[in-house]
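Q: Contents of data-v7.txt (compact mmCIF, C-alpha atoms) are given next:
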```
# COMPACT_ATOMS: atom_id res chain seq x y z
CA LEU A 120 17.17 29.67 -7.14
CA ARG A 121 15.17 32.44 -5.48
CA THR A 122 15.07 34.38 -8.74
CA TYR A 123 14.12 31.24 -10.68
CA PHE A 124 11.23 30.27 -8.38
CA GLN A 125 9.90 33.82 -8.17
CA GLY A 126 9.59 33.79 -11.95
CA CYS A 127 7.68 30.48 -12.11
CA TYR A 128 3.93 29.97 -12.27
CA PRO A 129 2.06 27.09 -10.55
CA GLY A 130 2.32 23.88 -12.54
CA GLN A 131 5.17 25.09 -14.72
CA LYS A 132 7.59 22.39 -15.87
CA ASP A 133 10.97 22.91 -14.23
CA VAL A 134 14.30 22.85 -16.01
CA SER A 135 16.25 19.60 -15.68
CA LYS A 136 18.59 20.75 -12.89
CA VAL A 137 15.68 21.95 -10.74
CA GLN A 138 13.84 18.67 -11.33
CA THR A 139 16.91 16.83 -10.04
CA LEU A 140 17.08 19.15 -7.02
CA LYS A 141 13.42 18.60 -6.16
CA GLY A 142 13.78 14.85 -6.65
CA SER A 143 16.79 14.79 -4.33
CA CYS A 144 14.78 16.66 -1.69
CA ARG A 145 12.01 14.06 -1.91
CA GLU A 146 14.56 11.25 -1.63
CA PHE A 147 16.00 12.87 1.49
CA GLU A 148 12.51 13.13 2.98
CA ALA A 149 11.94 9.41 2.36
CA GLU A 150 15.27 8.65 4.02
CA CYS A 151 14.15 10.67 7.04
CA VAL A 152 10.95 8.62 7.32
CA TRP A 153 12.85 5.32 7.22
CA GLY A 154 15.42 6.75 9.63
CA TYR A 155 12.56 7.53 11.99
CA ILE A 156 12.12 3.77 12.52
CA GLY A 157 15.80 2.84 12.39
CA TRP A 158 16.47 2.04 8.74
CA GLN A 159 19.64 3.40 7.16
CA LEU A 160 20.82 4.29 3.68
CA PRO A 161 22.34 0.93 2.66
CA ASN A 162 18.83 -0.51 2.96
CA ILE A 163 17.05 2.31 1.09
CA SER A 164 17.02 2.35 -2.71
CA HIS A 165 15.94 5.25 -4.90
CA LEU A 166 15.35 3.82 -8.36
CA ARG A 167 14.42 7.08 -10.15
CA LEU A 168 12.17 5.28 -12.62
CA GLY A 169 11.94 6.96 -15.98
CA PHE A 170 8.19 7.59 -16.08
CA TYR A 171 8.56 10.08 -13.21
CA THR A 172 8.63 13.28 -15.27
CA ALA A 173 7.28 16.79 -14.95
CA ASP A 174 4.99 16.27 -17.93
CA ILE A 175 1.23 16.55 -17.48
CA PHE A 176 0.86 13.10 -19.05
CA ALA A 177 3.67 10.85 -17.81
CA PRO A 178 4.97 8.19 -20.20
CA GLU A 179 4.03 4.54 -19.78
CA PRO A 180 6.51 2.22 -18.04
CA THR A 181 8.92 0.30 -20.25
CA HIS A 182 10.84 -2.89 -19.48
CA ASN A 183 14.43 -1.69 -19.77
CA ARG A 184 13.85 1.73 -18.24
CA ASP A 185 11.42 0.91 -15.42
CA VAL A 186 10.87 -2.82 -14.89
CA LEU A 187 14.51 -3.91 -15.02
CA PRO A 188 15.71 -1.69 -12.11
CA ILE A 189 12.97 -3.15 -9.88
CA LEU A 190 13.83 -6.68 -10.99
CA GLU A 191 17.52 -6.14 -10.24
CA LEU A 192 16.66 -4.84 -6.76
CA MET A 193 14.48 -7.89 -6.11
CA ARG A 194 17.29 -10.19 -7.22
CA LYS A 195 19.56 -8.46 -4.71
CA VAL A 196 17.15 -8.26 -1.76
CA LYS A 197 15.21 -11.50 -2.33
CA PRO A 198 12.04 -10.17 -0.65
CA GLN A 199 9.41 -12.25 1.10
CA VAL A 200 6.88 -9.38 1.09
CA VAL A 201 6.32 -6.69 -1.55
CA SER A 202 4.01 -3.75 -0.83
CA VAL A 203 2.46 -1.64 -3.58
CA ALA A 204 -0.36 0.87 -3.95
CA LEU A 205 -3.42 -0.61 -5.68
CA ASP A 206 -4.61 2.71 -7.07
CA PRO A 207 -6.41 2.72 -10.43
CA GLU A 208 -5.35 5.23 -13.04
CA ALA A 209 -6.93 8.69 -12.61
CA SER A 210 -7.62 8.12 -8.90
CA GLY A 211 -4.81 10.56 -8.06
CA PRO A 212 -1.27 10.97 -9.39
CA ASP A 213 -1.09 8.37 -12.16
CA THR A 214 2.42 7.43 -11.08
CA HIS A 215 0.81 5.13 -8.46
CA TYR A 216 -0.86 3.16 -11.24
CA LYS A 217 2.32 3.09 -13.32
CA VAL A 218 4.36 1.87 -10.34
CA LEU A 219 1.83 -0.95 -9.89
CA GLN A 220 2.27 -2.03 -13.51
CA ALA A 221 6.08 -1.89 -13.29
CA VAL A 222 6.22 -3.74 -9.94
CA THR A 223 3.89 -6.52 -11.05
CA ALA A 224 5.85 -7.01 -14.28
CA ALA A 225 9.11 -7.23 -12.32
CA THR A 226 7.56 -9.56 -9.74
CA GLU A 227 6.19 -11.89 -12.40
CA ARG A 228 9.61 -12.24 -13.98
CA TYR A 229 11.35 -12.56 -10.59
CA ILE A 230 9.25 -15.52 -9.41
CA ASP A 231 9.67 -17.15 -12.80
CA GLU A 232 13.46 -16.85 -12.57
CA GLU A 233 13.88 -17.72 -8.89
CA LYS A 234 11.01 -20.23 -8.66
CA VAL A 235 9.76 -18.45 -5.54
CA LYS A 236 6.53 -19.90 -4.16
CA ASP A 237 5.95 -17.97 -0.92
CA LEU A 238 6.19 -14.31 -2.00
CA THR A 239 3.36 -12.24 -0.52
CA ILE A 240 2.00 -8.96 -1.91
CA TRP A 241 0.53 -6.29 0.39
CA GLY A 242 -1.76 -4.00 -1.57
CA TYR A 243 -2.71 -0.74 0.13
CA ARG A 244 -4.82 2.32 -0.56
CA ASN A 245 -5.22 5.50 1.43
CA VAL A 246 -5.83 9.08 0.34
CA TRP A 247 -6.47 8.86 -3.40
CA CYS A 248 -8.43 5.63 -3.55
CA ARG A 249 -9.85 3.49 -0.75
CA PHE A 250 -10.86 -0.08 -0.13
CA GLU A 251 -14.32 -1.11 0.86
CA PRO A 252 -14.32 -3.49 3.86
CA HIS A 253 -15.26 -6.51 1.73
CA GLU A 254 -12.21 -5.95 -0.51
CA VAL A 255 -9.55 -6.41 2.19
CA SER A 256 -8.01 -9.39 3.95
CA THR A 257 -6.34 -7.60 6.87
CA ILE A 258 -7.50 -4.78 9.13
CA ILE A 259 -4.86 -3.14 11.34
CA PRO A 260 -5.95 -1.26 14.50
CA VAL A 261 -4.57 2.26 15.01
CA SER A 262 -4.61 3.96 18.42
CA LEU A 263 -4.59 7.69 19.14
CA GLN A 264 -0.96 7.33 20.16
CA THR A 265 -0.08 5.78 16.81
CA ILE A 266 -1.99 8.48 14.93
CA SER A 267 -0.09 11.16 16.87
CA THR A 268 3.24 9.47 16.13
CA LEU A 269 2.46 9.17 12.43
CA ASN A 270 1.40 12.82 12.23
CA HIS A 271 4.61 13.93 13.94
CA GLN A 272 6.65 11.70 11.64
CA PHE A 273 4.99 13.09 8.53
CA LEU A 274 5.26 16.76 9.51
CA SER A 275 8.88 16.30 10.62
CA CYS A 276 10.02 14.44 7.51
CA PHE A 277 7.89 15.53 4.56
CA GLU A 278 8.44 19.28 4.48
CA SER A 279 7.47 19.45 0.81
CA GLN A 280 4.15 17.67 1.46
CA ARG A 281 2.74 19.89 4.20
CA ASP A 282 0.63 21.56 1.51
CA ALA A 283 -0.17 19.03 -1.19
CA GLU A 284 0.06 20.08 -4.83
CA PHE A 285 -3.05 18.00 -5.57
CA PRO A 286 -5.06 18.09 -2.33
CA ALA A 287 -8.02 15.81 -1.78
CA TYR A 288 -11.39 17.50 -2.08
CA GLU A 289 -12.28 16.68 1.54
CA ILE A 290 -9.47 18.66 3.12
CA GLN A 291 -6.95 21.43 2.54
CA GLY A 292 -3.72 20.74 4.39
CA PRO A 293 -1.05 18.11 4.97
CA PHE A 294 -1.61 14.57 3.78
CA CYS A 295 -1.32 13.20 7.31
CA ASP A 296 -4.58 14.98 8.21
CA MET A 297 -6.30 13.29 5.28
CA SER A 298 -4.77 9.92 6.15
CA GLN A 299 -6.01 10.27 9.72
CA ARG A 300 -9.49 11.11 8.51
CA VAL A 301 -9.55 8.02 6.26
CA GLN A 302 -8.44 5.75 9.11
CA VAL A 303 -11.12 7.15 11.43
CA GLN A 304 -13.80 6.76 8.75
CA GLN A 305 -12.76 3.15 8.24
CA TYR A 306 -12.97 2.58 12.00
CA ASP A 307 -16.49 4.05 12.01
CA MET A 308 -17.57 1.62 9.29
CA ILE A 309 -16.32 -1.44 11.15
CA GLU A 310 -17.64 -0.21 14.50
CA THR A 311 -21.06 0.14 12.89
CA CYS A 312 -20.83 -3.51 11.79
CA LEU A 313 -19.43 -4.99 15.01
CA GLY A 314 -20.98 -2.61 17.51
CA TYR A 315 -19.63 -0.14 20.07
CA GLU A 316 -19.18 -2.75 22.79
CA TRP A 317 -17.06 -5.05 20.62
CA PHE A 318 -14.33 -2.42 20.59
CA HIS A 319 -14.77 -0.69 23.93
CA LYS A 320 -15.26 -3.86 26.01
CA HIS A 321 -12.80 -6.03 24.12
CA PRO A 322 -10.36 -8.05 26.31
CA SER A 323 -7.38 -6.65 24.37
CA PRO A 324 -6.18 -3.15 25.42
CA LEU A 325 -4.98 -2.61 21.84
CA ILE A 326 -8.51 -3.06 20.47
CA ARG A 327 -10.05 -0.92 23.23
CA ALA A 328 -7.61 1.87 22.34
CA THR A 329 -8.36 1.67 18.63
CA ARG A 330 -9.69 4.85 17.02
CA GLY A 331 -8.65 4.22 13.43
CA LEU A 332 -8.18 1.28 11.08
CA VAL A 333 -5.84 0.57 8.17
CA PHE A 334 -7.22 -1.65 5.40
CA LEU A 335 -4.81 -3.99 3.65
CA ARG A 336 -5.22 -6.65 0.99
CA GLU A 337 -2.78 -9.53 1.28
CA MET A 338 -2.42 -11.40 -2.00
CA SER A 339 -0.47 -14.10 -3.71
CA VAL A 340 1.53 -13.06 -6.75
CA GLU A 341 -1.10 -14.65 -8.98
CA ASP A 342 -3.88 -12.63 -7.34
CA CYS A 343 -1.83 -9.44 -7.63
CA LEU A 344 -1.23 -10.05 -11.32
CA LYS A 345 -4.97 -10.53 -11.86
CA GLU A 346 -5.73 -7.29 -10.02
CA SER A 347 -3.07 -5.37 -11.92
CA ARG A 348 -4.30 -6.69 -15.27
CA ALA A 349 -7.90 -5.87 -14.37
CA LEU A 350 -6.95 -2.28 -13.53
CA ARG A 351 -4.94 -2.04 -16.74
CA LYS A 352 -7.81 -3.40 -18.82
CA GLN A 353 -10.16 -0.89 -17.19
CA ALA A 354 -7.78 2.02 -17.84
CA GLU A 355 -6.33 1.09 -21.22
CA ASN A 356 -8.84 -1.38 -22.70
CA PHE A 357 -5.88 -3.78 -22.77
```
Could I get this structure in the form of structure tokens?
A:
Amino acid sequence: LRTYFQGCYPGQKDVSKVQTLKGSCREFEAECVWGYIGWQLPNISHLRLGFYTADIFAPEPTHNRDVLPILELMRKVKPQVVSVALDPEASGPDTHYKVLQAVTAATERYIDEEKVKDLTIWGYRNVWCRFEPHEVSTIIPVSLQTISTLNHQFLSCFESQRDAEFPAYEIQGPFCDMSQRVQVQQYDMIETCLGYEWFHKHPSPLIRATRGLVFLREMSVEDCLKESRALRKQAENF
């Protein structure tokens, strides 16, 4: 391995066995994150969807290869909440956009099969693309303690992400630093709207301790499908 990596150049496509090795490392890192909050392997699923390749332009999701594994997992778990990144194509790694398309396709079929009426979708954005305040339904307060815990969690679990392959233009370093900056910027926006005293003299200690905010859009399945189709139409003229 040492000889192989020393002979590689940045961005070079790895051979199949090395791709599997790197993918297994990332899966282990994800398991560490979930383990950090008490989740264990029987409740963690790595689907290895087929559009995750080392190609510069990843292939589009297909039903049998990408949608069906998600659908089968939903049939097994019977979720009440599904979270997914609402990143448009070209806002960062395009796998986020492709995951959105695959998840929404699987969700649409799942609710049609199971006649589910109360499934909720949590759409999130962070480093690559961000919500404006008027686009979200839920704002989650983040204290300095929470920020410190999240940073420690990230640096302890995601060894391969300490130095991002595609760093954001605002920062050079681990993603947790960029995530922290985004949360603080979002707090600054809302503090400007509500005023300094609303936060610092609020009756709730949680609000008084807030120094960052997470923006979240809670949607029905129908709303999520509309959003996904709008992003697809924008990207693919579909």
Q: Could you give me, as a list of chain:residue names, the residues that have an atom at most 12 Å away from the point (-14.5, 6.3, 11.9) in the coordinates of the file, using only C-alpha atoms?
A: A:Pro260, A:Val261, A:Ser298, A:Gln299, A:Arg300, A:Val301, A:Gln302, A:Val303, A:Gln304, A:Gln305, A:Tyr306, A:Asp307, A:Met308, A:Ile309, A:Glu310, A:Thr311, A:Cys312, A:Tyr315, A:Thr329, A:Arg330, A:Gly331, A:Leu332, A:Val333
Q: So the first atom is atom CA of A:Leu187 and the second is atom CA of A:Val200; what is the distance between them in Å, to one decimal place?
A: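 Pair atom CA of A:Leu187 / atom CA of A:Val200 returns 18.6 Å.
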Q: For atom CA of A:Ser323 and atom CA of A:Thr257, determine how far apart the two atoms are, in Å to one decimal place.
A: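 Interatomic distance here is 17.6 Å.
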Q: So how many Å separate atom CA of A:Pro207 and atom CA of A:Ala224, to one decimal?
A: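 Going from atom CA of A:Pro207 over to atom CA of A:Ala224 covers 16.1 Å.
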Q: Which residue, A:Leu263, A:Val152, A:Lys195, A:Gly157, has the smallest gap to A:Ala328 when you use only C-alpha atoms?
A: A:Leu263
Q: Need the shell around stretch 229-241 of chain A: protein/DNA/RNA residues with any atom at most 7 Å away, counting all atoms listed in the file. Skip same-chain ones fewer than 6 positions apart. Format as a list in words?
A: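 After dropping sequence-adjacent residues, the list is Leu190, Gln199, Val200, Val201, Ser202, Val203, Leu335, Arg336, Glu337, Met338, Ser339, Val340 and Cys343 of chain A.
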Q: A:Tyr123: which residues within 10 Å, counting only C-alpha atoms, same-chain residues fewer than 2 positions away excluded, as a ChimeraX atom specification?
A: /A:120-121,125-127,133-134,137
Q: Between A:Phe294, A:Lys197, A:Pro180, A:Ser135, which residue has the minimum interatomic distance to A:Asp282, considering only C-alpha atoms?
A: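 Checking each of A:Phe294, A:Lys197, A:Pro180, A:Ser135 against A:Asp282, counting only C-alpha atoms, the winner is A:Phe294.
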Q: Restricting the calculation to only C-alpha atoms: of A:Lys141, A:Arg228, A:His215, A:Lys320, which residue gets closest to A:Val246?
A: A:His215
Q: Applying 10 Å and only C-alpha atoms, which residues near A:Asp185 remain after dropping the ones on its own chain fewer than 6 positions away? List them as a list in words.
A: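 Selected residues are Leu166, Arg167, Leu168, Gly169, Phe170, Tyr171, Glu179, Lys217, Val218, Gln220, Ala221, Val222, Ala224 and Ala225 of chain A.
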Q: Need to verify the contact set: A:Pro161, 12 Å, only C-alpha atoms, exclusion of same-chain residues closer than 4 positions in sequence. Can you return it as an MDAnalysis selection string?
A: chainID A and resid 150 153:154 157 165 196
Q: If we count only C-alpha atoms, what is near A:Asp206 at a cut-off of 9 Å, once residues fewer than 6 positions away on the same chain are taken out, given as a list in words?
A: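 So, after excluding close chain neighbours, the residues are Asp213, His215, Tyr216, Leu219, Tyr243, Arg244, Asn245, Trp247, Cys248, Arg249 and Leu350 of chain A.
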